[in-house]
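Structure file query-v8.cif (mmCIF, C-alpha atoms) is printed below.
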```cif
data_entry
#
loop_
_atom_site.label_atom_id
_atom_site.label_comp_id
_atom_site.auth_asym_id
_atom_site.auth_seq_id
_atom_site.Cartn_x
_atom_site.Cartn_y
_atom_site.Cartn_z
CA MET O 1 135.23 19.60 23.03
CA LYS O 2 132.52 16.94 23.22
CA ALA O 3 131.79 14.65 26.15
CA LEU O 4 131.07 10.93 26.37
CA ILE O 5 129.35 9.68 29.55
CA LEU O 6 129.04 5.97 30.31
CA ALA O 7 125.62 5.31 31.85
CA ALA O 8 124.65 1.88 30.54
CA GLY O 9 125.70 -0.46 33.36
CA LYS O 10 123.23 -2.36 35.54
CA GLY O 11 125.06 -1.69 38.81
CA SER O 12 124.18 -5.06 40.37
CA ASN O 13 126.01 -4.17 43.60
CA LEU O 14 123.65 -1.21 44.03
CA LEU O 15 120.51 -3.31 44.34
CA PRO O 16 117.73 -2.78 45.31
CA PHE O 17 117.86 0.70 43.76
CA THR O 18 119.22 -0.29 40.35
CA ALA O 19 116.46 -2.85 39.86
CA THR O 20 114.25 0.05 38.79
CA ARG O 21 116.68 2.72 37.51
CA PRO O 22 120.17 3.21 36.06
CA LYS O 23 122.72 3.84 38.79
CA THR O 24 123.33 7.32 37.35
CA MET O 25 119.71 8.17 38.21
CA ILE O 26 120.12 7.70 41.95
CA ASN O 27 119.11 10.81 43.88
CA VAL O 28 121.83 12.46 45.97
CA ALA O 29 121.16 15.69 47.90
CA GLY O 30 118.17 16.54 45.73
CA LYS O 31 119.62 15.79 42.28
CA PHE O 32 120.37 12.73 40.19
CA VAL O 33 124.05 11.79 39.84
CA LEU O 34 123.90 12.17 36.04
CA GLU O 35 122.16 15.54 36.40
CA ARG O 36 125.06 16.83 38.53
CA THR O 37 127.60 15.51 36.01
CA ILE O 38 125.89 17.31 33.13
CA GLU O 39 125.60 20.55 35.10
CA LEU O 40 129.35 20.50 35.84
CA LEU O 41 130.11 19.80 32.17
CA LYS O 42 127.97 22.76 31.15
CA GLU O 43 129.81 24.89 33.72
CA SER O 44 133.06 23.75 32.05
CA GLY O 45 131.85 25.01 28.67
CA ILE O 46 130.88 21.61 27.23
CA ASN O 47 127.41 21.49 25.66
CA VAL O 48 127.66 18.56 23.24
CA ILE O 49 127.20 15.48 25.39
CA ASN O 50 126.95 11.86 24.24
CA ILE O 51 125.52 9.39 26.75
CA VAL O 52 125.84 5.63 26.39
CA VAL O 53 122.62 4.16 27.79
CA GLY O 54 121.41 0.60 28.33
CA HIS O 55 119.76 -0.62 31.52
CA LYS O 56 116.47 1.28 32.10
CA LYS O 57 117.51 3.80 29.45
CA GLU O 58 114.04 5.42 29.35
CA LYS O 59 114.58 6.83 32.87
CA ILE O 60 117.47 8.93 31.55
CA ILE O 61 115.95 9.91 28.22
CA ASN O 62 112.56 10.91 29.65
CA PHE O 63 114.04 12.94 32.51
CA PHE O 64 116.24 15.13 30.31
CA LYS O 65 113.50 15.42 27.69
CA ASN O 66 111.12 16.88 30.28
CA SER O 67 113.59 18.89 32.39
CA ASN O 68 115.10 22.35 32.08
CA HIS O 69 118.20 20.94 30.36
CA SER O 70 116.67 21.22 26.88
CA ASN O 71 119.28 23.80 25.84
CA LEU O 72 121.96 21.10 25.90
CA ASN O 73 122.91 19.09 22.83
CA LEU O 74 122.36 15.57 24.18
CA HIS O 75 122.81 12.41 22.12
CA TYR O 76 122.04 8.87 23.25
CA ILE O 77 123.90 5.76 22.15
CA GLU O 78 122.47 2.41 23.19
CA GLN O 79 124.63 -0.47 24.38
CA LYS O 80 122.16 -3.26 23.74
CA ARG O 81 124.10 -5.92 25.63
CA SER O 82 126.14 -5.44 28.77
CA SER O 83 129.55 -6.25 27.29
CA GLY O 84 131.92 -4.20 29.41
CA ILE O 85 133.27 -0.66 29.54
CA GLY O 86 135.43 -0.97 26.44
CA ASP O 87 132.45 -2.04 24.35
CA ALA O 88 130.37 0.84 25.76
CA VAL O 89 133.06 3.36 24.73
CA PHE O 90 133.43 1.75 21.30
CA GLN O 91 129.70 2.19 20.60
CA ALA O 92 130.33 5.96 20.35
CA ARG O 93 133.14 5.82 17.78
CA ASP O 94 131.06 7.49 15.04
CA ARG O 95 130.27 10.50 17.24
CA PHE O 96 133.81 11.93 17.04
CA ASP O 97 135.84 13.22 14.12
CA PRO O 98 139.42 12.14 13.34
CA GLY O 99 141.95 14.34 15.10
CA GLU O 100 139.60 15.68 17.78
CA TYR O 101 139.80 15.02 21.51
CA PHE O 102 136.86 14.16 23.78
CA ILE O 103 136.30 13.93 27.53
CA LEU O 104 135.31 10.45 28.72
CA ILE O 105 133.42 10.16 32.03
CA TYR O 106 132.38 7.12 34.03
CA GLY O 107 128.82 7.96 35.06
CA ASP O 108 128.93 6.60 38.61
CA ILE O 109 131.55 9.01 40.00
CA LEU O 110 130.63 12.08 42.00
CA THR O 111 132.50 15.19 43.17
CA ALA O 112 131.24 18.44 44.68
CA ALA O 113 133.89 20.59 42.96
CA ASN O 114 134.34 20.56 39.18
CA ILE O 115 136.70 17.71 38.30
CA PHE O 116 136.02 18.22 34.59
CA SER O 117 137.28 21.81 34.52
CA HIS O 118 140.37 20.68 36.41
CA THR O 119 141.07 17.89 33.91
CA LEU O 120 140.51 20.26 30.98
CA GLN O 121 143.07 22.65 32.47
CA SER O 122 145.60 19.81 32.63
CA PHE O 123 144.89 18.97 29.01
CA GLY O 124 145.39 22.63 28.07
CA SER O 125 148.92 22.40 29.47
CA THR O 126 149.89 19.13 27.80
CA LYS O 127 147.78 18.91 24.60
CA SER O 128 148.06 15.15 25.01
CA PRO O 129 145.87 12.37 26.49
CA VAL O 130 145.06 12.91 30.17
CA ALA O 131 143.78 10.61 32.93
CA SER O 132 142.45 12.11 36.16
CA ILE O 133 143.77 10.33 39.27
CA CYS O 134 143.09 10.69 42.99
CA LEU O 135 143.79 9.18 46.39
CA THR O 136 141.27 6.88 48.07
CA SER O 137 141.20 4.71 51.17
CA SER O 138 139.99 1.68 49.17
CA SER O 139 142.50 1.60 46.33
CA GLY O 140 142.12 -2.15 45.82
CA MET O 141 138.73 -1.55 44.17
CA PHE O 142 140.07 0.65 41.37
CA GLY O 143 142.73 0.80 38.68
CA ASN O 144 146.04 1.77 40.30
CA VAL O 145 148.59 3.96 38.51
CA TYR O 146 152.29 4.75 38.85
CA LEU O 147 153.92 8.00 37.74
CA ASP O 148 157.31 9.32 36.71
CA GLU O 149 158.75 12.71 37.65
CA GLU O 150 157.05 14.35 34.64
CA MET O 151 153.57 13.15 35.69
CA LYS O 152 153.45 10.59 32.91
CA ILE O 153 151.66 7.37 33.82
CA THR O 154 154.18 4.54 33.56
CA ARG O 155 152.09 1.63 34.77
CA MET O 156 148.46 0.76 35.30
CA ILE O 157 147.04 -2.22 37.22
CA GLU O 158 143.32 -2.94 37.09
CA LYS O 159 142.00 -3.82 40.60
CA PRO O 160 145.33 -5.18 41.88
CA LYS O 161 146.05 -7.57 44.68
CA LYS O 162 147.29 -5.88 47.86
CA PRO O 163 151.05 -6.30 47.28
CA ASP O 164 150.72 -4.33 44.03
CA LEU O 165 148.81 -1.33 45.39
CA GLY O 166 149.90 2.12 44.25
CA ASN O 167 149.20 5.48 45.86
CA TYR O 168 146.86 6.80 43.17
CA VAL O 169 143.78 5.37 41.44
CA LEU O 170 142.01 6.29 38.23
CA SER O 171 139.11 8.62 38.99
CA GLY O 172 137.01 7.88 35.89
CA VAL O 173 137.67 11.07 33.87
CA TYR O 174 139.87 11.06 30.75
CA ILE O 175 140.61 13.28 27.78
CA LEU O 176 141.39 11.08 24.80
CA PRO O 177 141.95 11.44 21.06
CA ALA O 178 139.48 9.93 18.59
CA SER O 179 142.30 7.56 17.58
CA PHE O 180 141.68 5.82 20.95
CA PHE O 181 138.84 3.94 19.24
CA ASP O 182 141.41 2.32 16.92
CA LEU O 183 143.42 1.24 19.97
CA LEU O 184 140.26 -0.26 21.47
CA LYS O 185 139.53 -2.18 18.29
CA LYS O 186 143.06 -3.58 18.15
CA SER O 187 142.82 -4.48 21.87
CA ASN O 188 139.58 -6.45 21.46
CA LYS O 189 137.72 -3.63 23.26
CA SER O 190 139.82 -3.97 26.41
CA MET O 191 140.23 -0.59 28.12
CA GLU O 192 143.20 -1.84 30.12
CA LYS O 193 145.06 -2.97 26.98
CA ALA O 194 144.20 0.20 25.06
CA PHE O 195 145.46 2.39 27.91
CA SER O 196 148.60 0.24 28.15
CA LYS O 197 149.39 1.06 24.53
CA LEU O 198 149.13 4.79 25.28
CA ILE O 199 151.37 4.29 28.31
CA GLU O 200 153.98 2.36 26.30
CA LYS O 201 154.24 5.36 23.98
CA GLY O 202 154.58 7.72 26.96
CA GLU O 203 151.43 9.57 25.88
CA LEU O 204 149.19 9.39 28.97
CA THR O 205 149.61 12.24 31.48
CA ALA O 206 148.13 12.29 35.00
CA SER O 207 145.92 15.08 36.34
CA ILE O 208 145.82 14.88 40.15
CA TRP O 209 142.42 15.54 41.75
CA GLU O 210 142.82 16.50 45.40
CA GLU O 211 139.19 17.26 46.33
CA ASP O 212 136.57 14.77 47.57
CA TRP O 213 135.76 12.01 45.10
CA ILE O 214 133.55 8.95 45.34
CA ASP O 215 132.68 6.04 43.08
CA ILE O 216 129.12 4.88 43.93
CA ALA O 217 129.50 1.12 44.00
CA TYR O 218 127.43 -0.10 46.99
CA PRO O 219 124.20 1.17 48.64
CA TRP O 220 126.08 2.80 51.54
CA ASP O 221 128.15 4.79 49.03
CA ILE O 222 124.96 6.75 48.30
CA LEU O 223 125.13 8.10 51.86
CA LYS O 224 128.81 8.96 51.46
CA ALA O 225 128.09 10.77 48.18
CA ASN O 226 125.28 12.71 49.85
CA LYS O 227 127.71 13.89 52.53
CA VAL O 228 130.30 14.94 49.93
CA ILE O 229 127.74 17.22 48.25
CA MET O 230 126.22 18.64 51.44
CA ASP O 231 129.61 19.42 52.96
CA SER O 232 130.12 21.91 50.13
CA TRP O 233 127.02 23.92 51.10
CA ARG O 234 127.78 27.19 52.86
CA LYS O 235 124.39 28.86 53.36
CA ALA O 236 120.69 28.16 53.79
CA THR O 237 118.45 28.39 50.72
CA ILE O 238 114.71 28.59 51.37
CA ALA O 239 112.19 29.14 48.57
CA GLU O 240 109.71 31.99 48.98
CA SER O 241 106.77 29.57 48.66
CA VAL O 242 107.81 27.53 51.74
CA HIS O 243 105.15 27.52 54.49
CA LEU O 244 106.50 27.45 58.06
CA LYS O 245 103.53 26.89 60.39
CA GLY O 246 104.43 27.97 63.93
CA ASP O 247 107.75 27.51 65.73
CA VAL O 248 110.19 25.87 63.28
CA LYS O 249 113.90 25.94 64.16
CA ILE O 250 116.45 25.98 61.32
CA ASN O 251 120.17 25.62 61.98
CA GLY O 252 122.95 25.61 59.39
CA PRO O 253 122.91 25.28 55.57
CA VAL O 254 119.41 23.95 54.91
CA PHE O 255 117.98 23.76 51.37
CA ILE O 256 114.17 23.86 51.25
CA ASP O 257 112.58 23.74 47.80
CA GLU O 258 109.28 25.21 46.57
CA ASP O 259 105.86 24.65 48.15
CA VAL O 260 107.12 22.74 51.19
CA GLU O 261 105.00 22.85 54.35
CA ILE O 262 106.66 22.43 57.75
CA ARG O 263 104.63 22.28 60.97
CA SER O 264 105.38 23.69 64.41
CA GLY O 265 107.92 22.04 66.69
CA THR O 266 110.09 20.75 63.84
CA ILE O 267 113.88 21.17 64.02
CA LEU O 268 116.05 21.14 60.88
CA GLU O 269 119.78 20.64 61.40
CA GLY O 270 121.81 21.50 58.32
CA PRO O 271 123.13 20.47 56.03
CA CYS O 272 119.89 18.87 54.89
CA TYR O 273 117.54 19.03 51.91
CA ILE O 274 113.74 19.03 51.59
CA GLY O 275 112.30 18.65 48.10
CA LYS O 276 109.34 20.32 46.40
CA ARG O 277 105.81 19.91 47.72
CA SER O 278 106.91 17.82 50.71
CA PHE O 279 105.08 17.93 54.05
CA ILE O 280 106.89 17.77 57.40
CA GLY O 281 104.58 17.22 60.38
CA ASN O 282 104.77 18.52 63.93
CA ASN O 283 107.78 17.89 66.17
CA VAL O 284 109.91 16.22 63.49
CA LEU O 285 113.70 16.16 63.94
CA VAL O 286 115.64 16.28 60.67
CA ARG O 287 119.29 15.76 61.51
CA LYS O 288 122.43 16.44 59.47
CA TYR O 289 122.94 14.89 56.03
CA THR O 290 119.28 14.02 55.49
CA SER O 291 117.78 14.44 52.01
CA ILE O 292 114.01 14.28 51.58
CA SER O 293 113.02 14.25 47.91
CA ALA O 294 109.95 15.80 46.31
CA ASP O 295 106.35 14.98 47.29
CA SER O 296 107.29 13.19 50.51
CA VAL O 297 105.27 13.10 53.74
CA ILE O 298 106.92 12.89 57.17
CA GLY O 299 104.58 12.27 60.11
CA TYR O 300 104.44 13.56 63.67
CA GLY O 301 107.48 13.02 65.89
CA VAL O 302 109.66 11.29 63.26
CA GLU O 303 113.45 11.45 63.59
CA LEU O 304 115.54 11.32 60.42
CA LYS O 305 119.33 11.05 60.63
CA ASN O 306 121.87 10.86 57.78
CA SER O 307 119.32 9.34 55.41
CA ILE O 308 118.09 9.77 51.85
CA LEU O 309 114.43 9.48 50.91
CA PHE O 310 113.61 9.32 47.21
CA GLU O 311 110.46 10.89 45.75
CA LYS O 312 107.04 10.24 47.32
CA ALA O 313 108.36 8.66 50.52
CA ASN O 314 105.84 8.41 53.35
CA VAL O 315 107.09 7.91 56.93
CA GLY O 316 104.49 7.35 59.65
CA ARG O 317 104.44 9.05 63.05
CA LEU O 318 107.01 8.29 65.77
CA SER O 319 109.41 6.43 63.44
CA PHE O 320 113.21 6.55 63.38
CA ILE O 321 115.08 6.42 60.06
CA GLY O 322 118.86 6.46 60.53
CA ASP O 323 121.77 5.94 58.09
CA SER O 324 119.32 4.59 55.54
CA VAL O 325 118.16 5.04 51.94
CA LEU O 326 114.48 4.67 51.01
CA GLY O 327 113.50 4.29 47.36
CA HIS O 328 110.68 5.88 45.36
CA ASN O 329 107.16 5.63 46.83
CA VAL O 330 108.25 3.78 49.98
CA TYR O 331 105.75 3.64 52.85
CA PHE O 332 106.99 3.20 56.43
CA GLY O 333 104.19 2.59 58.95
CA SER O 334 104.00 4.38 62.29
CA GLY O 335 106.54 3.37 64.89
CA THR O 336 108.99 1.79 62.43
CA MET O 337 112.57 1.69 63.71
CA THR O 338 115.69 1.23 61.62
CA ILE O 339 118.40 -0.26 63.84
CA ASN O 340 121.66 1.26 62.64
CA HIS O 341 124.35 -0.62 64.58
CA THR O 342 125.30 -4.14 65.58
CA ASP O 343 125.18 -5.44 69.16
CA ASN O 344 128.99 -5.47 69.36
CA ARG O 345 129.32 -2.04 67.68
CA LYS O 346 131.54 -3.44 64.93
CA SER O 347 131.18 -2.45 61.26
CA VAL O 348 127.90 -3.53 59.71
CA LYS O 349 127.80 -6.25 57.06
CA ALA O 350 125.08 -6.41 54.42
CA LYS O 351 124.06 -9.11 51.95
CA VAL O 352 124.79 -7.88 48.41
CA ASN O 353 124.20 -10.30 45.53
CA LYS O 354 123.89 -13.17 48.03
CA LYS O 355 127.28 -12.36 49.58
CA LYS O 356 128.02 -10.74 52.93
CA VAL O 357 129.93 -7.50 52.30
CA ASP O 358 131.61 -5.47 55.02
CA SER O 359 130.45 -1.86 54.68
CA HIS O 360 133.23 -0.61 56.99
CA CYS O 361 130.51 1.58 58.54
CA GLU O 362 129.79 1.39 62.27
CA LYS O 363 126.39 2.98 61.67
CA LEU O 364 124.25 1.60 58.86
CA GLY O 365 120.49 1.23 58.65
CA THR O 366 118.08 0.01 55.96
CA PHE O 367 118.12 0.17 52.16
CA ALA O 368 114.58 -0.19 50.83
CA GLY O 369 113.86 -0.41 47.10
CA ASP O 370 111.04 1.35 45.26
CA ASN O 371 107.42 0.70 46.27
CA VAL O 372 108.29 -1.08 49.52
CA THR O 373 105.56 -1.10 52.17
CA ILE O 374 106.43 -1.56 55.86
CA GLY O 375 103.62 -2.09 58.35
CA THR O 376 103.42 -0.36 61.73
CA SER O 377 105.65 -1.10 64.73
CA ASN O 378 108.42 -2.83 62.80
CA SER O 379 112.13 -3.09 63.62
CA LEU O 380 114.60 -3.38 60.74
CA LEU O 381 118.04 -4.78 61.56
CA ALA O 382 121.28 -2.98 60.71
CA GLY O 383 122.35 -3.48 57.08
CA THR O 384 118.92 -4.68 55.96
CA ILE O 385 118.34 -4.60 52.19
CA ILE O 386 114.69 -4.83 51.12
CA PRO O 387 113.92 -5.64 47.45
CA SER O 388 111.58 -3.43 45.43
CA GLY O 389 107.88 -4.05 45.95
CA LYS O 390 108.30 -6.00 49.19
CA VAL O 391 105.42 -5.82 51.70
CA ILE O 392 106.24 -6.42 55.38
CA PRO O 393 103.26 -6.96 57.72
CA HIS O 394 102.57 -5.01 60.91
CA ASN O 395 104.68 -5.72 64.00
CA HIS O 396 107.14 -7.97 62.19
CA SER O 397 110.95 -7.80 62.58
CA TYR O 398 112.80 -8.01 59.26
CA PRO O 399 114.74 -10.02 58.40
CA LYS O 400 113.94 -12.79 60.85
#
```
Write-out of the structure in structure tokens:
Amino acid sequence: MKALILAAGKGSNLLPFTATRPKTMINVAGKFVLERTIELLKESGINVINIVVGHKKEKIINFFKNSNHSNLNLHYIEQKRSSGIGDAVFQARDRFDPGEYFILIYGDILTAANIFSHTLQSFGSTKSPVASICLTSSSGMFGNVYLDEEMKITRMIEKPKKPDLGNYVLSGVYILPASFFDLLKKSNKSMEKAFSKLIEKGELTASIWEEDWIDIAYPWDILKANKVIMDSWRKATIAESVHLKGDVKINGPVFIDEDVEIRSGTILEGPCYIGKRSFIGNNVLVRKYTSISADSVIGYGVELKNSILFEKANVGRLSFIGDSVLGHNVYFGSGTMTINHTDNRKSVKAKVNKKKVDSHCEKLGTFAGDNVTIGTSNSLLAGTIIPSGKVIPHNHSYPK
């Protein structure tokens, strides 16, 4: 069976990170989201993978061209204009032969366990179209489905109003026949209408996914996805080339990649990740659910808590980074503090696309895009989003 992954969307709600990359190329626990998806597909026995690309497509193409995934049969299909999910799927119609089935995957979902193998097993039992479904606490954001006693989907509502909420939502994994492209064409490339036609014929079966699942829609979802992955780790993995200089304490499932140097007095509380060639200075505290990507530098006395640092991050001495995500090549000057809660301890709101959005998180720090520079002795308010390339002077609270 062949796969079709949708990775063309701009992900405007994931700014500032998607200003400079596709949302599938966000780094979670040391790997890109799309990289994890492809690894799980390979584990499921699928090696022919079609990827619909669009926004910042070169980030995807160049990474897999230069990585150790060259043994995979990858094909790229460009969606030149952002015209919706149905149009993205339709672009791949010539990649599949009449009569064959394919697995369709929305590229912004993430699971630690293998949802694709599970869905393939369901298909093996039914030999008919399958939609993976799951439970989530925010069902109003996703397509809701209703089932009969034979696990057939009888009704589907795309992002319903509250009175119409069902128990299960679509989890973004489907196994569909090549004839689905004809349904899309007749439905004016509307996924909802095409699925409704399958449902009317009683041909769409549900596959229930009971493990952790997350759709990465907002910046704070990156932190949730990181936790989902790290919670699946059971042991520490430390490369032979790691240099521990002096008294370094390591507790729990810590992953330390090649050529990392860690200085005396540092404490690592797992689960956490430290990427290749990174440097961790003296007396640093790396707390649970922190991911430090490759070529990063963490200065003396820094505390990192439940945060993700993309490649080449540089954090100056005596700083605190909590419940935050820092983009590629971000520089935080010495003594920078991310404030990660409101004065009244209520859930933090953040401005996304000029609108205040409730994160439903009591602890939430800063989201800094690529190439941001923060001067020394700065305080960043809870829920702060800093656009790519922004320079904030020394001793300057942001935002004012």
Excluding Ala368 (chain O) and any residue of its chain fewer than 2 positions from it, enumerate the residues within 6 Å of it, using all atoms listed in the file, and give them as a PyMOL selection string.
-> chain O and resi 326-327+385-386
Could you turn the residues from that selection into a file that holds C-alpha atoms, as an mmCIF file, in the coordinates of the input?
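Done, and the output landed in again.cif:
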```
data_model
loop_
_atom_site.group_PDB
_atom_site.id
_atom_site.type_symbol
_atom_site.label_atom_id
_atom_site.label_comp_id
_atom_site.auth_asym_id
_atom_site.auth_seq_id
_atom_site.Cartn_x
_atom_site.Cartn_y
_atom_site.Cartn_z
ATOM 1 C CA LEU O 326 114.480 4.670 51.010
ATOM 2 C CA GLY O 327 113.500 4.290 47.360
ATOM 3 C CA ILE O 385 118.340 -4.600 52.190
ATOM 4 C CA ILE O 386 114.690 -4.830 51.120
#
```
Measuring atom to atom with all atoms listed in the file, identify which of O:Lys189, O:Arg234, O:His394, O:Lys305 is nearest to Gly365 (chain O).
->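 Looking at the shortest contact to Gly365 (chain O), the residue is O:Lys305.
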For this file, the PyMOL selection byres ((chain O and resi 236) around 7) selects which residues, as number ranges by chain?
-> O: 235, 237-238, 252-255
Which of O:Thr154, O:Thr119, O:Asn226, O:Thr342 sits closest to Leu309 (chain O) [using only C-alpha atoms] =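 The answer is O:Asn226, which sits nearest to Leu309 (chain O).
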If you measure from CA of Ala217 (chain O) to CA of Leu170 (chain O), what distance in Å do you get, rounded to one decimal?
-> 14.7 Å
Could you state which residues are captured by the PyMOL selection byres ((chain O and resi 123) around 12) in this file, as a count of residues only?
-> 31
Skip Lys276 (chain O) itself and residues of its chain fewer than 6 positions away, then list as number ranges by chain all residues within 6 Å of it, counting only C-alpha atoms.
-> O: 257-260, 294
Can you spell out as a PDB file with C-alpha atoms, in the coordinates of the input the set of residues that the PyMOL selection byres ((chain O and resi 337) around 9) selects in the structure I just provided?
```
ATOM      1  CA  LEU O 318     107.010   8.290  65.770  1.00  0.00           C
ATOM      2  CA  SER O 319     109.410   6.430  63.440  1.00  0.00           C
ATOM      3  CA  PHE O 320     113.210   6.550  63.380  1.00  0.00           C
ATOM      4  CA  ILE O 321     115.080   6.420  60.060  1.00  0.00           C
ATOM      5  CA  GLY O 322     118.860   6.460  60.530  1.00  0.00           C
ATOM      6  CA  GLY O 335     106.540   3.370  64.890  1.00  0.00           C
ATOM      7  CA  THR O 336     108.990   1.790  62.430  1.00  0.00           C
ATOM      8  CA  THR O 338     115.690   1.230  61.620  1.00  0.00           C
ATOM      9  CA  ILE O 339     118.400  -0.260  63.840  1.00  0.00           C
ATOM     10  CA  SER O 377     105.650  -1.100  64.730  1.00  0.00           C
ATOM     11  CA  ASN O 378     108.420  -2.830  62.800  1.00  0.00           C
ATOM     12  CA  SER O 379     112.130  -3.090  63.620  1.00  0.00           C
ATOM     13  CA  LEU O 380     114.600  -3.380  60.740  1.00  0.00           C
ATOM     14  CA  LEU O 381     118.040  -4.780  61.560  1.00  0.00           C
TER      15      LEU O 381
END
```
Go through O:Ser347, O:Val352, O:Asp370, O:Ile5 and flag the residue nearest Phe310 (chain O), using all atoms listed in the file for the distances.
->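 Smallest distance to Phe310 (chain O) is found for O:Asp370.
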If we count all atoms listed in the file, what is near Lys351 (chain O) at a cut-off of 8 Å, once residues fewer than 2 positions away on the same chain are taken out, given as number ranges by chain?
-> O: 349, 353-357, 383-385
Do you know which residues are at most 10 Å from region 278-285 of chain O counting only C-alpha atoms, after dropping those on the same chain fewer than 6 positions away, and could you put them as an MDAnalysis selection string?
-> chainID O and resid 242:249 256:269 292:305 311:320
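Using only C-alpha atoms for every distance, the candidate list O:Asn68, O:Asn62, O:Ser190, O:Ser359 yields O:Ser190 as the residue closest to Val89 (chain O).
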